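Participant: Input file: query_8.txt. Contents: compact mmCIF, C-alpha atoms.
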# COMPACT_ATOMS: atom_id res chain seq x y z
CA GLU Z 1 -13.27 2.72 -6.12
CA ALA Z 2 -9.59 2.84 -5.24
CA GLY Z 3 -8.63 0.82 -2.20
CA VAL Z 4 -6.42 1.73 0.70
CA THR Z 5 -2.97 2.59 -0.61
CA GLN Z 6 0.23 2.47 1.36
CA SER Z 7 3.69 3.71 0.48
CA PRO Z 8 6.41 2.76 0.23
CA THR Z 9 5.96 -0.97 -0.33
CA HIS Z 10 9.35 -1.73 1.15
CA LEU Z 11 11.59 0.37 3.35
CA ILE Z 12 15.08 -0.43 4.59
CA LYS Z 13 16.57 1.63 7.41
CA THR Z 14 19.39 1.29 9.87
CA ARG Z 15 19.18 1.33 13.63
CA GLY Z 16 18.61 4.78 15.08
CA GLN Z 17 17.11 6.25 11.91
CA GLN Z 18 13.56 7.44 11.48
CA ALA Z 19 10.96 5.85 9.19
CA THR Z 20 7.86 7.49 7.73
CA LEU Z 21 5.07 5.35 6.34
CA ARG Z 22 2.07 6.73 4.48
CA CYS Z 23 -1.51 5.62 4.03
CA SER Z 24 -4.35 6.91 1.88
CA PRO Z 25 -7.76 5.63 2.94
CA ILE Z 26 -10.66 4.87 0.69
CA SER Z 27 -12.41 8.05 -0.37
CA GLY Z 28 -15.03 8.99 2.20
CA HIS Z 29 -13.43 6.97 5.01
CA THR Z 30 -12.57 9.07 8.02
CA SER Z 31 -11.08 6.41 10.29
CA VAL Z 32 -7.54 5.15 9.74
CA TYR Z 33 -5.94 2.39 11.75
CA TRP Z 34 -2.31 1.28 11.89
CA TYR Z 35 -1.22 -2.25 12.76
CA GLN Z 36 2.13 -3.93 13.14
CA GLN Z 37 2.71 -7.51 12.15
CA ALA Z 38 6.08 -8.64 13.43
CA LEU Z 39 7.35 -12.11 12.70
CA GLY Z 40 5.79 -14.60 15.08
CA LEU Z 41 3.74 -12.01 16.94
CA GLY Z 42 0.64 -11.67 14.84
CA LEU Z 43 -1.13 -8.40 14.21
CA GLN Z 44 -0.93 -5.74 16.92
CA PHE Z 45 -2.97 -2.56 17.07
CA LEU Z 46 -0.81 0.59 16.90
CA LEU Z 47 -2.88 3.73 16.36
CA TRP Z 48 -6.36 4.87 15.43
CA TYR Z 49 -7.15 8.23 13.86
CA ASP Z 50 -10.58 9.60 13.16
CA GLU Z 51 -11.49 13.04 11.82
CA GLY Z 52 -7.92 14.22 12.23
CA GLU Z 53 -7.57 13.25 15.88
CA GLU Z 54 -5.71 10.40 17.52
CA ARG Z 55 -8.47 8.39 19.17
CA ASN Z 56 -6.46 5.57 20.66
CA ARG Z 57 -3.09 3.93 20.64
CA GLY Z 58 -1.93 0.43 21.40
CA ASN Z 59 0.79 -0.70 23.75
CA PHE Z 60 3.73 0.79 21.85
CA PRO Z 61 6.40 3.26 23.00
CA PRO Z 62 6.09 6.98 22.21
CA ARG Z 63 8.65 6.74 19.41
CA PHE Z 64 5.75 5.34 17.39
CA SER Z 65 3.65 8.33 16.42
CA GLY Z 66 1.60 9.59 13.57
CA ARG Z 67 -0.95 12.02 12.33
CA GLN Z 68 -3.96 12.30 10.10
CA PHE Z 69 -4.21 15.08 7.57
CA PRO Z 70 -7.32 17.09 6.59
CA ASN Z 71 -7.81 14.80 3.57
CA TYR Z 72 -7.82 11.83 6.02
CA SER Z 73 -4.57 10.38 4.76
CA SER Z 74 -2.21 9.38 7.50
CA GLU Z 75 1.46 9.07 8.35
CA LEU Z 76 3.11 6.69 10.77
CA ASN Z 77 6.49 7.79 12.09
CA VAL Z 78 8.87 5.52 13.90
CA ASN Z 79 11.82 7.26 15.54
CA ALA Z 80 15.06 5.79 16.84
CA LEU Z 81 14.49 2.57 14.93
CA GLU Z 82 15.34 -0.70 16.63
CA LEU Z 83 15.92 -4.08 15.01
CA GLU Z 84 12.67 -5.35 16.57
CA ASP Z 85 10.72 -2.74 14.59
CA SER Z 86 11.25 -4.84 11.47
CA ALA Z 87 7.73 -5.84 10.52
CA LEU Z 88 4.89 -5.45 8.09
CA TYR Z 89 2.93 -2.29 8.88
CA LEU Z 90 -0.66 -2.42 7.76
CA CYS Z 91 -3.05 0.47 7.41
CA ALA Z 92 -6.81 0.03 7.36
CA SER Z 93 -9.65 2.46 6.91
CA SER Z 94 -13.34 2.42 7.68
CA ILE Z 95 -16.16 4.75 6.80
CA ARG Z 96 -16.71 5.35 10.51
CA PRO Z 97 -15.66 3.66 13.77
CA LEU Z 98 -16.86 0.10 14.25
CA SER Z 99 -17.50 -0.34 10.53
CA PRO Z 100 -15.94 -2.98 8.28
CA LEU Z 101 -12.24 -2.47 7.75
CA HIS Z 102 -10.46 -2.21 4.42
CA PHE Z 103 -6.76 -2.97 4.51
CA GLY Z 104 -3.87 -1.75 2.41
CA ASN Z 105 -1.16 -4.11 1.21
CA GLY Z 106 1.26 -2.91 3.84
CA THR Z 107 4.76 -1.50 4.09
CA ARG Z 108 7.49 -3.96 4.90
CA LEU Z 109 10.03 -2.20 7.11
CA THR Z 110 13.42 -3.79 7.56
CA VAL Z 111 15.79 -2.37 10.15
CA THR Z 112 19.43 -3.45 9.84
CA LYS K 113 -8.28 -7.12 27.53
CA ASN K 114 -9.98 -9.55 25.19
CA GLU K 115 -8.17 -12.84 24.62
CA VAL K 116 -8.70 -14.50 21.24
CA GLU K 117 -8.06 -18.17 20.55
CA GLN K 118 -8.20 -19.65 17.09
CA SER K 119 -8.14 -23.27 16.06
CA PRO K 120 -6.68 -25.06 14.31
CA GLN K 121 -3.38 -23.23 13.84
CA ASN K 122 -2.62 -25.16 10.67
CA LEU K 123 -4.98 -26.99 8.37
CA THR K 124 -4.23 -28.90 5.18
CA ALA K 125 -7.16 -30.24 3.19
CA GLN K 126 -8.00 -31.56 -0.23
CA GLU K 127 -9.80 -29.51 -2.84
CA GLY K 128 -13.55 -29.75 -2.39
CA GLU K 129 -13.52 -30.36 1.35
CA PHE K 130 -15.66 -28.41 3.79
CA ILE K 131 -13.46 -26.27 6.02
CA THR K 132 -14.21 -24.96 9.51
CA ILE K 133 -12.05 -22.51 11.46
CA ASN K 134 -12.99 -21.63 15.01
CA CYS K 135 -12.52 -18.50 17.10
CA SER K 136 -13.24 -18.01 20.80
CA TYR K 137 -12.91 -14.77 22.76
CA SER K 138 -13.08 -13.95 26.44
CA VAL K 139 -14.98 -10.65 26.69
CA GLY K 140 -18.36 -9.73 25.23
CA ILE K 141 -18.07 -7.76 22.01
CA SER K 142 -20.06 -5.59 19.64
CA ALA K 143 -18.72 -7.21 16.47
CA LEU K 144 -16.15 -9.72 15.27
CA HIS K 145 -14.01 -9.56 12.14
CA TRP K 146 -12.80 -12.38 9.94
CA LEU K 147 -9.81 -11.45 7.82
CA GLN K 148 -7.91 -13.25 5.08
CA GLN K 149 -4.20 -12.68 4.65
CA HIS K 150 -2.45 -13.83 1.49
CA PRO K 151 1.28 -14.49 1.08
CA GLY K 152 3.01 -11.12 0.90
CA GLY K 153 0.88 -9.70 3.66
CA GLY K 154 -2.15 -8.23 1.90
CA ILE K 155 -5.27 -8.51 4.04
CA VAL K 156 -8.89 -8.64 2.99
CA SER K 157 -11.71 -8.14 5.43
CA LEU K 158 -14.12 -11.03 4.84
CA PHE K 159 -16.83 -10.42 7.38
CA MET K 160 -17.80 -8.18 10.23
CA LEU K 161 -20.63 -9.70 12.20
CA SER K 162 -22.36 -9.06 15.47
CA SER K 163 -24.98 -11.83 15.47
CA GLY K 164 -26.22 -14.85 13.58
CA LYS K 165 -24.73 -15.75 10.25
CA LYS K 166 -23.38 -14.08 7.12
CA LYS K 167 -22.68 -15.66 3.74
CA HIS K 168 -20.56 -14.45 0.86
CA GLY K 169 -20.08 -16.87 -1.98
CA ARG K 170 -18.56 -20.06 -0.58
CA LEU K 171 -17.73 -18.41 2.75
CA ILE K 172 -20.03 -18.54 5.75
CA ALA K 173 -19.40 -16.92 9.12
CA THR K 174 -21.42 -17.60 12.23
CA ILE K 175 -21.28 -16.15 15.70
CA ASN K 176 -22.76 -17.21 19.04
CA ILE K 177 -22.64 -14.19 21.31
CA GLN K 178 -23.65 -16.13 24.44
CA GLU K 179 -20.90 -18.71 23.96
CA LYS K 180 -18.36 -16.11 22.76
CA HIS K 181 -17.55 -18.22 19.72
CA SER K 182 -17.45 -17.73 15.99
CA SER K 183 -16.78 -20.07 13.09
CA LEU K 184 -15.69 -19.47 9.52
CA HIS K 185 -16.72 -22.14 7.02
CA ILE K 186 -15.54 -22.62 3.46
CA THR K 187 -17.62 -24.86 1.23
CA ALA K 188 -16.18 -26.62 -1.84
CA SER K 189 -12.67 -25.44 -0.94
CA HIS K 190 -10.26 -24.53 -3.72
CA PRO K 191 -6.48 -24.06 -3.79
CA ARG K 192 -6.99 -20.31 -4.18
CA ASP K 193 -8.53 -20.35 -0.68
CA SER K 194 -5.05 -21.10 0.69
CA ALA K 195 -4.24 -18.22 3.03
CA VAL K 196 -4.07 -17.27 6.69
CA TYR K 197 -7.47 -16.61 8.22
CA ILE K 198 -7.53 -14.29 11.20
CA CYS K 199 -10.25 -13.58 13.70
CA ALA K 200 -10.27 -10.15 15.40
CA VAL K 201 -12.36 -8.59 18.14
CA PRO K 202 -12.45 -5.12 19.70
CA SER K 203 -9.92 -4.62 22.48
CA GLY K 204 -12.23 -3.92 25.43
CA GLY K 205 -13.45 -0.38 24.71
CA ALA K 206 -10.38 0.73 22.78
CA ASP K 207 -11.73 0.31 19.26
CA GLY K 208 -8.41 -1.16 18.35
CA LEU K 209 -8.58 -4.84 17.61
CA THR K 210 -7.13 -7.90 19.26
CA PHE K 211 -6.20 -10.51 16.72
CA GLY K 212 -6.06 -14.25 16.90
CA LYS K 213 -2.79 -15.86 15.82
CA GLY K 214 -4.41 -17.00 12.59
CA THR K 215 -5.14 -20.31 10.91
CA HIS K 216 -2.82 -21.23 8.06
CA LEU K 217 -4.97 -23.05 5.52
CA ILE K 218 -3.55 -25.00 2.60
CA ILE K 219 -5.89 -26.53 0.05
CA GLN K 220 -4.21 -29.14 -2.10
CA PRO K 221 -5.47 -29.87 -5.63
What does the file become when written as structure tokens?
Facilitator:
Amino acid sequence: EAGVTQSPTHLIKTRGQQATLRCSPISGHTSVYWYQQALGLGLQFLLWYDEGEERNRGNFPPRFSGRQFPNYSSELNVNALELEDSALYLCASSIRPLSPLHFGNGTRLTVT
Amino acid sequence: KNEVEQSPQNLTAQEGEFITINCSYSVGISALHWLQQHPGGGIVSLFMLSSGKKKHGRLIATINIQEKHSSLHITASHPRDSAVYICAVPSGGADGLTFGKGTHLIIQP
């Protein structure tokens, strides 16, 4: 069984640009979660998608957005990038809400 | 909002030692996650538990719902167990998670 895959592995952008991060969940998993791990801040919940709908979002500004496609893969978009957005972005999937999570290896976003 | 406290923040031990990492939370929960993060960022979900105890190999996780406390134990620790161990609980109805700051474990040969 293939695990959760994220792309790209690394992404370098400059301030003001937009970044798009992608996540493919484990086959059969309908829930996809996005987390941000910024240096010194630990993991923070960003977004949760289930069955194509945004179910919840964390305490992040609207320039963090995303979507889930009919095949349950997901995109995270970050607009108007700021230096503080530099972080590891982790995607996780679960077969349904409140089930064990499976994490991808993350996308390391660097904003210069 | 659920507050999560982990201890210790850093732990260095010798190979073979019994390791205990603790996690306390402030609001009653349906389930608690223990995660392992290796250098480079990759995360593995070790346990999701809602009561009692779970065991997987040399790893044991326990939870006391009444005391709002969970422990992760590693028996016969090995250098490959060196990682950051993170406790996570649901964020009060949101189904997102609130994470502890993690315990950085180093097992020396």
Participant: Calculate how many Å separate atom CA of Z:Trp34 from atom CA of K:Val139, rounding to one decimal.
Facilitator: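 Value for the atom CA of Z:Trp34-atom CA of K:Val139 distance: 22.8 Å.
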Participant: Could you give me, as CSV, a per-residue list for chain Z showing, wherever an atom lies at most 6 Å from an atom of chain K, the closest pair of atoms and their distance in Å to one decimal, using all atoms listed in the file and sorting by chain then residue number from low to high?
Facilitator:
residue,atom,partner,partner_atom,distance
Z:Gly42,CA,K:Lys213,CA,5.5
Z:Phe45,CA,K:Gly208,CA,5.8
Z:Pro100,CA,K:Met160,CA,5.9
Z:Phe103,CA,K:Ile155,CA,5.8
Z:Asn105,CA,K:Gly154,CA,4.3
Participant: Give me, please, the distance in Å between atom CA of K:Leu171 and atom CA of K:Glu127, quoted to one decimal.
Facilitator: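 Computing the Euclidean distance for atom CA of K:Leu171 and atom CA of K:Glu127 yields 14.7 Å.
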Participant: Could you list as a ChimeraX atom specification every residue that has an atom within 12 Å of (-21.7, 5.2, 10.9), using the file's coordinates and counting only C-alpha atoms?
Facilitator: /Z:28-31,94-100
Participant: Hey, can I get the axis-aligned box for stretch 34-47 of chain Z? All listed atoms, 3 Å padding on each side, centre and edge lengths in Å to one decimal, as JSON.
Facilitator:
{"center_x": 2.2, "center_y": -5.4, "center_z": 14.5, "size_x": 16.3, "size_y": 24.3, "size_z": 11.2}
Participant: What's the separation between atom CA of K:His190 and atom CA of K:Glu129, in Å to one decimal place?
Facilitator: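 Computing it gives 8.4 Å between the two atoms.
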Participant: Which of these residues is nearest to K:Thr187, using only C-alpha atoms: K:Val116, K:Val201, K:Ile131, K:Ile219?
Facilitator: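 Between K:Val116, K:Val201, K:Ile131, K:Ile219, the residue approaching K:Thr187 most closely is K:Ile131.
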Participant: So that I can see what lies close to stretch 55-72 of chain Z, please list as a list of chain:residue names the residues with an atom at most 6 Å from it, counting all atoms listed in the file and leaving out residues fewer than 5 positions away in the same chain.
Facilitator: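 Answer for this query is Z:Thr30, Z:Phe45, Z:Leu46, Z:Leu47, Z:Trp48, Z:Tyr49, Z:Asn77, Z:Val78, Z:Asn79.
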Participant: Go ahead and save the picked residues with C-alpha atoms, as a PDB file, in the coordinates of the input.
Facilitator:
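Result file is out.pdb:
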ATOM      1  CA  THR Z  30     -12.570   9.070   8.020  1.00  0.00           C
ATOM      2  CA  PHE Z  45      -2.970  -2.560  17.070  1.00  0.00           C
ATOM      3  CA  LEU Z  46      -0.810   0.590  16.900  1.00  0.00           C
ATOM      4  CA  LEU Z  47      -2.880   3.730  16.360  1.00  0.00           C
ATOM      5  CA  TRP Z  48      -6.360   4.870  15.430  1.00  0.00           C
ATOM      6  CA  TYR Z  49      -7.150   8.230  13.860  1.00  0.00           C
ATOM      7  CA  ASN Z  77       6.490   7.790  12.090  1.00  0.00           C
ATOM      8  CA  VAL Z  78       8.870   5.520  13.900  1.00  0.00           C
ATOM      9  CA  ASN Z  79      11.820   7.260  15.540  1.00  0.00           C
TER      10      ASN Z  79
END
Participant: I need the residue nearest Z:Thr112 from this list: Z:Ala19, Z:Leu43, Z:Leu83, Z:Leu76. Use all atoms listed in the file for the distance.
Facilitator: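 Smallest distance to Z:Thr112 is found for Z:Leu83.
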Participant: Which is closer to Z:Leu88 than all the others in Z:Ser73, Z:Thr9, Z:Gln18, Z:Ser24, using all atoms listed in the file?
Facilitator: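 Nearest candidate to Z:Leu88 out of Z:Ser73, Z:Thr9, Z:Gln18, Z:Ser24: Z:Thr9.
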Participant: Which one is closest to Z:Glu51: Z:Ser86, Z:Gln36, Z:Thr14, Z:Ser93? Count only C-alpha atoms.
Facilitator: Z:Ser93
Participant: Quick one: everything within 9 Å of Z:Val111, counting only C-alpha atoms, minus sequence neighbours fewer than 3 positions away in the same chain. Send it as a PyMOL selection string.
Facilitator: chain Z and resi 11-15+17+81-87
